[in-house]
Each structure stands twice: as C-alpha cells, then as structure tokens.
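Working notes, beginning with the structure itself.
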Amino acid sequence: MPTILVIDDNPAVATALEMLFSLQEIDTLRAESPLAGLEALRRHDIDLVIQDMNFHADTTSGEEGVALFHDIRARHPDLPVVLLTAWTHLESAIDLVKAGAADYLAKPWDDRRLLATVNNLLELAETRRELAQRDAGERERRDALLRDYDLRGIIYADAASENTLALACQVAHAEIPVLITGPNGAGKEKYAEIIHANSKVSGGPFVALNCGALPGELIEAELFGAEAGAYTGAGKSREGKFEAADGGTLFLDEIGTLPQAGQVKLLRVLETGRFQRLGGNRERTVKVRIVSATNANLRALIAEGQFREDLYYRLNGIEVRLPPLAQRTRDILPLARHFLPPGVRLSAGAERLLLRHPWPGNVRELRNTMQRAALLARGDTVSEADLGLPAAEGAAAGPAVAEPDRAAIEHALERHGGVLAQAAADLGLSRQALYRRLERLGIRRD
C-alpha cells in the first residue's frame, strides 16, 4: 500500500487529506513542520510528499516552503513532491515545478484533480521502482556476462540482445554445431566470433566464408581446397577453409545458398571429419567447430527441395536467433553513439528520429547512416537533417513534426528517470500532451 506524507502546520488539512486518501487505500502520515517532515522521511518509506508553503501563522512569503522543497530534493532527488499553495504563492510554486516539483495545487483544492494527480504520481513512482529493479537485474546479468565471457566488444543495451548473447555464451563451450539465424545486417558474424572466443577451440583459428558471395562452381574449392589443375586457373594446390580452420572454428555465413553438391560434401565432412580436395584423391582429416548462419527459412528451402534435411539437422545442434534491430530498440542509441567519431554527439531530435526509423537494414544500415552523418555534420553535433532518413528529408519541406511514437516516448521517459516534465520537454510536448499520449498508447508511466 502506498504511503503519502502530508507536511502542513494545519491539522485540519492533514485530517481532510487522510480521509480522502483512505478511500483510495492510501496510507497517510502527517508532519506539522519542515523538521518533522524531514525526520518522517528519514524514518519511513514514503512514496509521495504533499507540502504546504508556509508553516507559521504570521508568514505568507512561501520561503519556508521553498526551503523545505530544496531540502527534500537534496535528500530524496527522485521523490515526487506536490505543493499546496495559496494564490499569493503561485509564482513560487511555478518556479519550484520548473525545479522539479511534480505539481502544485491551490487551496482549497479540488478533490478530483488532487486524486488524479496523486494516482498518476504513485503509478509513476511504482513504475520507477520496477524499472530500478529491472535495471539492477540487467546490470547484474551484464556484469556476470562481462566477468565470465569474452564478448568481443559487442555493444548492446536491450534485454532481447542480452538474452541472445547469454544463450550464445552458454552454448559456446559445447562441441555441438550452432546455427545463427536472423535478418541481414543483424550482426551474425559478431555472434559467431563470440561463440568461438568462448569455446574449447578459442586458441585455434576463426575462419569465415560467405557462401553467398562466391559462384557455385568455386564453393567446393573454397571449402575443401583444390589441387593444381583441378579447374581453369588453378595453377597450384591450395588449401580450403576446412584445412585453414583445423583446430578452430569455421563460420559458414549464408549457408542456405550452398549448392547441392557442396551440401553433400559438407554433410560428409560433418559426419566423418574427412574430405578430399577438389581434383585430389588423398583423404584429409580435420577437427573443426562449425558455426553457420542464415537469413533464409531453411525449413522452407527443405520443403522446396533446395536444402538437405539431414544437413540441416547436422548444422542445427542449437539455434541462436538474432532479432532485428527494430525489435531491440534500446540498442539503437548506444550503437549509434558507438559508430560516431569521438567527440561527436547526437542532438535530441536526431535521437528521436533514430528511434522512429524501422531499420530494415539493421545494424549495418545504422552504422552506414552514422558514418555518413558524421561526415555531413557541421560541428560536433549530428542533427536530424544530417541523418538523411525519410522523416528528416521531409522536414525541410515544412510538414508538421512527426508524432513521437511509443519507442520515442519510452526512451525519453527512461532518459529522464520517469520525470514527466523533463521527458515532455525532450519530446517537444507539454506535460498534459504527454499524459494524453501515455493513456492513448497504454504506456505505464515509466
């Protein structure tokens, strides 16, 4: 049950508020002086403070209330404070709202408005506690991953990325093949490097081959090597990727493009560990950890007869799925800042635009966007126009500013610790307008 502290020298005020809040199942504590209020805050867990602006009958300046607010803010910077004020103190109350007070209400107050304000603030306080607990849990998991594994400098902040990363690290030490799935540009090779770095063969080579980047007739030679004269232009013998990766990891990207002949030979190597170079007769033996990746639906390719089902099950000892960047929006800004040169920052408008963009090209598109923006930026700040994204291109023609979407609102709330006034200013909205959007989108006040 939430608890509100009422600091007012008039016992009738505290009694009236106590009766009002009891109907909402809210506990109320009272204090009749600033010192008593600060002591109550020290001794009790308080969710919200309602404070008067004057505490002596012969005082009307509001200075006592201003001093009390700043004392509370210094000791409890995140605690919401609502001011009760007479009309003569309105200017002081407005100044305190600018300084971080949650709201102000004139005496005599309107019960419905007061309850709406209090319930909103209590919901916000509860959500902030949940966020703090979530963040603490995330920090603990992140610290554990950093302590226990080599993450190869990966940049992430989203829980979806953390879950995927934890799975990749967990399976790395096993000797089974790993299939990494996900859209183009999502970072599949980075995850393959992490799996290798934390595997039993981390001391061996990490060799990568993009199966989709080579003509079909050269795939076998790339995988297994070729003897001199095996094909036109093969003037001397050369080793393939399997030999190069012996004792380490072979990463096969775009495995779904491997031609049928290559699939048959790859399956044999996975089953026996033996192969022959193209144009050769001598069998060679290797011990290689296989990590493969695809953006294709291999099951659909199997149904169409384009991919061998037995090879699929050989490659898919365990699957690590990488979500697209649009599904891990908390990664966007840390990655964007990482791709910028040192000393270059993002404007608030650029951050909002980055969060609104769907990123069909995923991390690769984001990296290219930031590299281009850094070249176009004037000075040390990247603006919306520098990004070259669709919304920025239209902005020069003079249309209305795009409505902030759910992701932009949630990130603004997170950046400002759930303080609605600051988040609203960041989004270019009034606090009331932000309230309406929170209700319309069903966003809890976090």
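By order of appearance in the structure tokens: chains A, B, ..., then residues from 1 within every chain, and ligands from 1 in the order shown.
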
Problem set entry | Nearby residues (only C-alpha atoms) at most 7 Å from Asn316 (chain A), same-chain spacing under 3 positions excluded, as a list in words |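 Here the qualifying residues turn out to be Pro177, Val178, Leu179, Tyr312, Tyr313 and Glu319 of chain A.
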
Problem set entry | strand (DSSP E) call set, DSSP backbone run, region 195-398 of chain A, as a ChimeraX atom specification | /A:206-210,249-253,274-276,283-285,289-294,318-321,345-346,381-382

Output of the above residues as a tab-separated table (two decimals), in the first residue's frame, restricted to N, CA, C and O atoms:
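Output saved as part.tsv:
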chain	number	residue	atom	x	y	z
A	206	PHE	N	39.86	-18.68	-36.32
A	206	PHE	CA	38.47	-18.41	-36.65
A	206	PHE	C	38.46	-18.05	-38.14
A	206	PHE	O	39.02	-17.03	-38.55
A	207	VAL	N	37.82	-18.88	-38.94
A	207	VAL	CA	37.81	-18.71	-40.38
A	207	VAL	C	36.37	-18.53	-40.84
A	207	VAL	O	35.49	-19.32	-40.48
A	208	ALA	N	36.12	-17.48	-41.62
A	208	ALA	CA	34.77	-17.18	-42.09
A	208	ALA	C	34.68	-17.33	-43.61
A	208	ALA	O	35.61	-16.96	-44.33
A	209	LEU	N	33.57	-17.86	-44.07
A	209	LEU	CA	33.29	-17.96	-45.50
A	209	LEU	C	31.85	-17.57	-45.75
A	209	LEU	O	30.93	-18.15	-45.16
A	210	ASN	N	31.65	-16.60	-46.63
A	210	ASN	CA	30.31	-16.21	-47.05
A	210	ASN	C	29.93	-17.04	-48.25
A	210	ASN	O	30.40	-16.80	-49.36
A	249	THR	N	37.45	-22.76	-35.43
A	249	THR	CA	36.04	-22.62	-35.81
A	249	THR	C	35.94	-22.19	-37.26
A	249	THR	O	36.65	-21.26	-37.71
A	250	LEU	N	35.04	-22.82	-37.98
A	250	LEU	CA	34.71	-22.41	-39.34
A	250	LEU	C	33.30	-21.82	-39.33
A	250	LEU	O	32.34	-22.50	-38.96
A	251	PHE	N	33.20	-20.55	-39.74
A	251	PHE	CA	31.91	-19.86	-39.77
A	251	PHE	C	31.43	-19.82	-41.21
A	251	PHE	O	32.07	-19.20	-42.08
A	252	LEU	N	30.30	-20.46	-41.47
A	252	LEU	CA	29.71	-20.52	-42.80
A	252	LEU	C	28.49	-19.61	-42.84
A	252	LEU	O	27.42	-19.98	-42.36
A	253	ASP	N	28.67	-18.43	-43.41
A	253	ASP	CA	27.57	-17.47	-43.50
A	253	ASP	C	26.75	-17.75	-44.75
A	253	ASP	O	27.27	-18.29	-45.75
A	274	ARG	N	36.40	-36.10	-42.55
A	274	ARG	CA	37.34	-36.35	-43.65
A	274	ARG	C	36.80	-35.77	-44.96
A	274	ARG	O	35.59	-35.71	-45.17
A	275	PHE	N	37.71	-35.37	-45.83
A	275	PHE	CA	37.32	-34.82	-47.12
A	275	PHE	C	38.49	-34.94	-48.08
A	275	PHE	O	39.62	-35.29	-47.68
A	276	GLN	N	38.23	-34.67	-49.35
A	276	GLN	CA	39.27	-34.62	-50.38
A	276	GLN	C	39.25	-33.25	-51.04
A	276	GLN	O	38.19	-32.65	-51.21
A	283	GLU	N	42.59	-38.49	-48.85
A	283	GLU	CA	41.67	-38.03	-47.83
A	283	GLU	C	42.41	-37.25	-46.75
A	283	GLU	O	43.51	-37.63	-46.35
A	284	ARG	N	41.82	-36.20	-46.32
A	284	ARG	CA	42.40	-35.36	-45.27
A	284	ARG	C	41.44	-35.34	-44.09
A	284	ARG	O	40.23	-35.44	-44.26
A	285	THR	N	42.01	-35.21	-42.91
A	285	THR	CA	41.22	-35.23	-41.69
A	285	THR	C	41.40	-33.92	-40.94
A	285	THR	O	42.53	-33.44	-40.79
A	289	ARG	N	35.15	-26.85	-35.37
A	289	ARG	CA	33.84	-26.47	-34.80
A	289	ARG	C	33.09	-25.68	-35.87
A	289	ARG	O	33.59	-24.68	-36.39
A	290	ILE	N	31.89	-26.10	-36.21
A	290	ILE	CA	31.10	-25.44	-37.25
A	290	ILE	C	30.07	-24.51	-36.61
A	290	ILE	O	29.27	-24.92	-35.77
A	291	VAL	N	30.11	-23.26	-37.03
A	291	VAL	CA	29.05	-22.30	-36.73
A	291	VAL	C	28.55	-21.78	-38.07
A	291	VAL	O	29.35	-21.30	-38.89
A	292	SER	N	27.28	-21.90	-38.32
A	292	SER	CA	26.72	-21.44	-39.59
A	292	SER	C	25.66	-20.39	-39.33
A	292	SER	O	25.19	-20.22	-38.21
A	293	ALA	N	25.30	-19.67	-40.37
A	293	ALA	CA	24.32	-18.59	-40.23
A	293	ALA	C	23.51	-18.47	-41.50
A	293	ALA	O	23.97	-18.80	-42.60
A	294	THR	N	22.28	-17.99	-41.34
A	294	THR	CA	21.42	-17.77	-42.50
A	294	THR	C	20.35	-16.75	-42.16
A	294	THR	O	19.94	-16.62	-41.01
A	318	ILE	N	22.08	-26.42	-32.09
A	318	ILE	CA	21.28	-25.47	-31.32
A	318	ILE	C	21.18	-24.20	-32.14
A	318	ILE	O	22.13	-23.81	-32.83
A	319	GLU	N	20.03	-23.56	-32.10
A	319	GLU	CA	19.80	-22.34	-32.87
A	319	GLU	C	19.87	-21.12	-31.98
A	319	GLU	O	19.29	-21.09	-30.89
A	320	VAL	N	20.61	-20.10	-32.45
A	320	VAL	CA	20.68	-18.81	-31.78
A	320	VAL	C	20.02	-17.80	-32.71
A	320	VAL	O	20.52	-17.54	-33.80
A	321	ARG	N	18.88	-17.26	-32.29
A	321	ARG	CA	18.13	-16.35	-33.15
A	321	ARG	C	18.44	-14.91	-32.79
A	321	ARG	O	18.28	-14.50	-31.64
A	345	ARG	N	28.39	14.12	-30.99
A	345	ARG	CA	27.22	13.66	-30.26
A	345	ARG	C	25.97	13.81	-31.12
A	345	ARG	O	26.00	14.43	-32.19
A	346	LEU	N	24.87	13.26	-30.61
A	346	LEU	CA	23.58	13.32	-31.29
A	346	LEU	C	22.72	14.40	-30.66
A	346	LEU	O	22.66	14.52	-29.43
A	381	THR	N	27.89	18.13	-33.47
A	381	THR	CA	26.55	17.61	-33.18
A	381	THR	C	25.88	17.15	-34.46
A	381	THR	O	25.80	17.91	-35.44
A	382	VAL	N	25.39	15.91	-34.45
A	382	VAL	CA	24.64	15.36	-35.58
A	382	VAL	C	23.18	15.75	-35.42
A	382	VAL	O	22.55	15.44	-34.40

Exercise. In terms of the shortest atom-to-atom distance over only C-alpha atoms, which of A:Pro334, A:Pro183, A:Gly240, A:Gly256 is closest to Leu315 (chain A)?
Worked result: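 Among the listed residues, A:Gly256 lies closest to Leu315 (chain A).
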
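CA of Ile332 (chain A) lies 15.1 Å from CA of Glu384 (chain A).
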
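Shortest separation to Cys211 (chain A) among A:Asn163, A:Ser237, A:Gln24, A:Thr257 occurs at residue A:Thr257, atoms counted being only C-alpha atoms.
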
Exercise. Can you tell me, as a list in words, what residues are no more than 8 Å from Pro80 (chain A) when counting only C-alpha atoms, ignoring any on the same chain fewer than 5 positions away?
Worked result: Asp47, Leu48, Val49, Ala101, Ala102, Leu121 and Ala125 of chain A

Selection above as a file: N, CA and C atoms, as a PDB file, in the first residue's frame:
ATOM      1  N   ASP A  47       6.187   7.394  -0.504  1.00  0.00           N
ATOM      2  CA  ASP A  47       6.043   7.351  -1.962  1.00  0.00           C
ATOM      3  C   ASP A  47       5.785   8.731  -2.564  1.00  0.00           C
ATOM      4  N   LEU A  48       5.237   9.651  -1.775  1.00  0.00           N
ATOM      5  CA  LEU A  48       4.887  10.972  -2.307  1.00  0.00           C
ATOM      6  C   LEU A  48       4.744  11.934  -1.133  1.00  0.00           C
ATOM      7  N   VAL A  49       5.144  13.186  -1.354  1.00  0.00           N
ATOM      8  CA  VAL A  49       5.014  14.224  -0.334  1.00  0.00           C
ATOM      9  C   VAL A  49       4.056  15.298  -0.829  1.00  0.00           C
ATOM     10  N   ALA A 101       9.483  20.027  -8.910  1.00  0.00           N
ATOM     11  CA  ALA A 101       8.283  19.627  -8.180  1.00  0.00           C
ATOM     12  C   ALA A 101       7.304  18.956  -9.145  1.00  0.00           C
ATOM     13  N   ALA A 102       6.589  17.964  -8.638  1.00  0.00           N
ATOM     14  CA  ALA A 102       5.701  17.191  -9.512  1.00  0.00           C
ATOM     15  C   ALA A 102       4.494  17.995  -9.959  1.00  0.00           C
ATOM     16  N   LEU A 121       1.018  10.109 -10.030  1.00  0.00           N
ATOM     17  CA  LEU A 121       2.368  10.148  -9.474  1.00  0.00           C
ATOM     18  C   LEU A 121       2.723   8.853  -8.755  1.00  0.00           C
ATOM     19  N   ALA A 125       5.736   6.440  -9.598  1.00  0.00           N
ATOM     20  CA  ALA A 125       6.719   6.019  -8.597  1.00  0.00           C
ATOM     21  C   ALA A 125       6.863   4.502  -8.574  1.00  0.00           C
TER      22      ALA A 125
END

For this session: DSSP on the backbone, then: every residue of region 228-382 of chain A marked helix (DSSP H, G or I), written as an MDAnalysis selection string.
Result: chainID A and resid 241:244 255:257 260:272 298:303 309:315 325:327 329:339 348:356 362:376

Problem set entry | Contact residues around Ala408 (chain A) with only C-alpha atoms at 9 Å, ignoring same-chain residues under 3 positions, as a ChimeraX atom specification | /A:351-356,404-405,411-413,427

Any chance you can output those residues with N, CA, C and O atoms as a short mmCIF file (atom, residue, chain, number, x, y, z; two decimals), in the first residue's frame?
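Writing done, so here's again.cif:
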data_model
loop_
_atom_site.label_atom_id
_atom_site.label_comp_id
_atom_site.auth_asym_id
_atom_site.auth_seq_id
_atom_site.Cartn_x
_atom_site.Cartn_y
_atom_site.Cartn_z
N GLU A 351 18.19 11.81 -32.02
CA GLU A 351 17.90 10.59 -31.25
C GLU A 351 16.46 10.14 -31.47
O GLU A 351 16.20 8.94 -31.67
N ARG A 352 15.53 11.08 -31.46
CA ARG A 352 14.12 10.70 -31.67
C ARG A 352 13.92 10.11 -33.06
O ARG A 352 13.19 9.13 -33.23
N LEU A 353 14.58 10.68 -34.05
CA LEU A 353 14.43 10.18 -35.41
C LEU A 353 15.04 8.78 -35.54
O LEU A 353 14.46 7.91 -36.21
N LEU A 354 16.17 8.56 -34.91
CA LEU A 354 16.78 7.23 -34.94
C LEU A 354 15.86 6.18 -34.33
O LEU A 354 15.76 5.05 -34.82
N LEU A 355 15.18 6.55 -33.26
CA LEU A 355 14.29 5.61 -32.59
C LEU A 355 13.02 5.34 -33.39
O LEU A 355 12.40 4.29 -33.25
N ARG A 356 12.62 6.29 -34.24
CA ARG A 356 11.40 6.10 -35.04
C ARG A 356 11.66 5.29 -36.31
O ARG A 356 10.74 4.70 -36.87
N PRO A 404 5.64 11.73 -31.88
CA PRO A 404 6.52 10.76 -31.22
C PRO A 404 5.79 9.45 -31.01
O PRO A 404 4.65 9.43 -30.56
N ASP A 405 6.44 8.35 -31.36
CA ASP A 405 5.80 7.05 -31.22
C ASP A 405 6.14 6.43 -29.88
O ASP A 405 6.80 7.03 -29.03
N HIS A 411 11.79 5.88 -24.48
CA HIS A 411 13.20 6.23 -24.31
C HIS A 411 13.34 7.59 -23.63
O HIS A 411 14.26 7.79 -22.82
N ALA A 412 12.45 8.52 -23.94
CA ALA A 412 12.50 9.83 -23.27
C ALA A 412 12.23 9.67 -21.77
O ALA A 412 12.91 10.28 -20.94
N LEU A 413 11.26 8.84 -21.42
CA LEU A 413 10.97 8.60 -20.01
C LEU A 413 12.16 7.95 -19.32
O LEU A 413 12.52 8.29 -18.19
N LEU A 427 10.60 15.74 -25.68
CA LEU A 427 9.79 15.33 -26.84
C LEU A 427 9.13 16.51 -27.54
O LEU A 427 8.46 16.33 -28.55
#

For this session: Just the residues within 10 Å of Gly417 (chain A), please, counting only C-alpha atoms, with nothing from its chain fewer than 3 positions along; format it as a ChimeraX atom specification.
Result: /A:78,128,131-132,411-414,420,422-423,446

Could the residues in this selection be written to a file with N, CA, C and O atoms, as a PDB file, in the first residue's frame?
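File written: part_4.pdb
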ATOM      1  N   ASP A  78      14.544  11.760  -6.175  1.00  0.00           N
ATOM      2  CA  ASP A  78      13.532  11.144  -7.042  1.00  0.00           C
ATOM      3  C   ASP A  78      12.133  11.139  -6.441  1.00  0.00           C
ATOM      4  O   ASP A  78      11.194  10.656  -7.066  1.00  0.00           O
ATOM      5  N   ARG A 128       8.743   3.445 -11.623  1.00  0.00           N
ATOM      6  CA  ARG A 128      10.165   3.763 -11.483  1.00  0.00           C
ATOM      7  C   ARG A 128      10.863   2.746 -10.590  1.00  0.00           C
ATOM      8  O   ARG A 128      12.005   2.359 -10.848  1.00  0.00           O
ATOM      9  N   LEU A 131      11.325  -0.249 -12.710  1.00  0.00           N
ATOM     10  CA  LEU A 131      12.429  -0.013 -13.635  1.00  0.00           C
ATOM     11  C   LEU A 131      13.775  -0.125 -12.935  1.00  0.00           C
ATOM     12  O   LEU A 131      14.731  -0.682 -13.479  1.00  0.00           O
ATOM     13  N   ALA A 132      13.840   0.431 -11.718  1.00  0.00           N
ATOM     14  CA  ALA A 132      15.093   0.364 -10.966  1.00  0.00           C
ATOM     15  C   ALA A 132      15.464  -1.084 -10.673  1.00  0.00           C
ATOM     16  O   ALA A 132      16.640  -1.473 -10.786  1.00  0.00           O
ATOM     17  N   HIS A 411      11.795   5.875 -24.485  1.00  0.00           N
ATOM     18  CA  HIS A 411      13.196   6.230 -24.310  1.00  0.00           C
ATOM     19  C   HIS A 411      13.344   7.590 -23.628  1.00  0.00           C
ATOM     20  O   HIS A 411      14.261   7.786 -22.821  1.00  0.00           O
ATOM     21  N   ALA A 412      12.445   8.522 -23.941  1.00  0.00           N
ATOM     22  CA  ALA A 412      12.504   9.826 -23.270  1.00  0.00           C
ATOM     23  C   ALA A 412      12.230   9.667 -21.772  1.00  0.00           C
ATOM     24  O   ALA A 412      12.912  10.276 -20.938  1.00  0.00           O
ATOM     25  N   LEU A 413      11.256   8.844 -21.421  1.00  0.00           N
ATOM     26  CA  LEU A 413      10.966   8.598 -20.007  1.00  0.00           C
ATOM     27  C   LEU A 413      12.159   7.948 -19.320  1.00  0.00           C
ATOM     28  O   LEU A 413      12.521   8.290 -18.194  1.00  0.00           O
ATOM     29  N   GLU A 414      12.789   7.008 -20.011  1.00  0.00           N
ATOM     30  CA  GLU A 414      13.943   6.326 -19.415  1.00  0.00           C
ATOM     31  C   GLU A 414      15.126   7.278 -19.243  1.00  0.00           C
ATOM     32  O   GLU A 414      15.802   7.267 -18.217  1.00  0.00           O
ATOM     33  N   LEU A 420       8.103  13.184 -15.829  1.00  0.00           N
ATOM     34  CA  LEU A 420       7.285  13.503 -17.000  1.00  0.00           C
ATOM     35  C   LEU A 420       7.552  14.897 -17.539  1.00  0.00           C
ATOM     36  O   LEU A 420       7.541  15.095 -18.760  1.00  0.00           O
ATOM     37  N   GLN A 422      10.314  16.600 -17.618  1.00  0.00           N
ATOM     38  CA  GLN A 422      11.546  16.628 -18.402  1.00  0.00           C
ATOM     39  C   GLN A 422      11.409  15.815 -19.682  1.00  0.00           C
ATOM     40  O   GLN A 422      11.906  16.216 -20.741  1.00  0.00           O
ATOM     41  N   ALA A 423      10.731  14.660 -19.584  1.00  0.00           N
ATOM     42  CA  ALA A 423      10.522  13.848 -20.789  1.00  0.00           C
ATOM     43  C   ALA A 423       9.665  14.599 -21.804  1.00  0.00           C
ATOM     44  O   ALA A 423       9.928  14.553 -23.020  1.00  0.00           O
ATOM     45  N   ASP A 446       6.574   5.053 -16.997  1.00  0.00           N
ATOM     46  CA  ASP A 446       7.930   4.675 -16.639  1.00  0.00           C
ATOM     47  C   ASP A 446       8.932   5.526 -17.379  1.00  0.00           C
ATOM     48  O   ASP A 446      10.071   5.147 -17.532  1.00  0.00           O
TER      49      ASP A 446
END

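Considering the residues A:Leu41, A:Ala424, A:Ala186, A:Ala385 and counting only C-alpha atoms, Gly349 (chain A) has its shortest atom-to-atom contact with A:Ala385.
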